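S.K.: Just passing along the structure, written as structure tokens.
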Amino acid sequence: MSDLLHSVSAFQVTLFLLSIGVLAWFGTQLARLFHQGDAAATFQTRTEQLVYHASPWQPSAQGESLGLFRNQIIPAWIRLPDGRQADYAGIFGTSLPEECYGIEFPQRGEVVIRPGIVYTLRMTQTSA
């Protein structure tokens, strides 16, 4: 029974990564159409919104180095160009296309930056 659950989980993870790869490819194609300035294209899938960031969008590394992933330093947290901050959450096994500097999942509060480092957006506090 546990082998079956493990297989289903592995299959679900594989299917999820494959769907992200397809969405990233689609984003790459649209970014080529709108390749002027800070290209940020928003896509709505059946289940989730996806924001694709192309050049010159570039988050700045903040905090201490947590290690390396694909020869890139993993900062403990990052600051996005719009001022939002995000904390390291993990790595993403699929490489982002060369033209893609980041993919944001607003509903999940996550952003994936090149080469595939995942960050969780910090919640902003509002003053009452």
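Just remember, in the structure tokens the first chain shown is A, the second B, etc., residues are 1-based per chain, and ligands are 1-based in the order shown.
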Can you tell me which residues surround Tyr88 of chain A at a distance of at most 7 Å, considering only C-alpha atoms, apart from same-chain residues fewer than 2 positions away, and format the answer as a VMD selection string?

M.R.: chain A and resid 76 to 77 86 90 118 to 120

S.K.: Using only C-alpha atoms, tabulate the residues of segment 76-117 of chain A lying at most 7 Å from any atom of segment 47-64 of chain A, each with its closest atom pair and that distance in Å to one decimal, by chain and increasing residue number, as JSON lines.

M.R.:
{"residue": "A:Ala76", "atom": "CA", "partner": "A:Gly63", "partner_atom": "CA", "distance": 5.0}
{"residue": "A:Trp77", "atom": "CA", "partner": "A:Gln62", "partner_atom": "CA", "distance": 5.2}
{"residue": "A:Ile78", "atom": "CA", "partner": "A:Ala61", "partner_atom": "CA", "distance": 4.8}
{"residue": "A:Arg79", "atom": "CA", "partner": "A:Ser60", "partner_atom": "CA", "distance": 5.3}
{"residue": "A:Leu80", "atom": "CA", "partner": "A:Pro59", "partner_atom": "CA", "distance": 4.4}
{"residue": "A:Pro81", "atom": "CA", "partner": "A:Pro59", "partner_atom": "CA", "distance": 5.6}
{"residue": "A:Glu99", "atom": "CA", "partner": "A:Ala54", "partner_atom": "CA", "distance": 5.9}
{"residue": "A:Cys100", "atom": "CA", "partner": "A:Ala54", "partner_atom": "CA", "distance": 4.9}
{"residue": "A:Tyr101", "atom": "CA", "partner": "A:Ala54", "partner_atom": "CA", "distance": 5.1}
{"residue": "A:Gly102", "atom": "CA", "partner": "A:His53", "partner_atom": "CA", "distance": 5.0}
{"residue": "A:Ile103", "atom": "CA", "partner": "A:Tyr52", "partner_atom": "CA", "distance": 4.7}
{"residue": "A:Glu104", "atom": "CA", "partner": "A:Val51", "partner_atom": "CA", "distance": 4.9}
{"residue": "A:Phe105", "atom": "CA", "partner": "A:Leu50", "partner_atom": "CA", "distance": 5.2}
{"residue": "A:Pro106", "atom": "CA", "partner": "A:Gln49", "partner_atom": "CA", "distance": 6.6}
{"residue": "A:Gln107", "atom": "CA", "partner": "A:Gln49", "partner_atom": "CA", "distance": 6.8}

S.K.: Expressed in Å to a single decimal, how great is the separation between atom CA of Gly109 of chain A and atom CA of Phe69 of chain A?

M.R.: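 For atom CA of Gly109 of chain A relative to atom CA of Phe69 of chain A, the distance reads 21.7 Å.
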
S.K.: For a test of reading the model, state the distance in Å between atom CA of Val112 of chain A and atom CA of Ile91 of chain A, rounded to one decimal.

M.R.: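 Computing it gives 8.3 Å between the two atoms.
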
S.K.: What lies within 8 Å of segment 71-74 of chain A using only C-alpha atoms, ignoring chain neighbours under 4 positions off, as a list in words?

M.R.: Ser65, Leu66, Gly67, Tyr88, Pro115 and Ile117 of chain A

S.K.: How many Å separate atom CA of Arg108 of chain A from atom CA of Pro75 of chain A?

M.R.: 20.6 Å
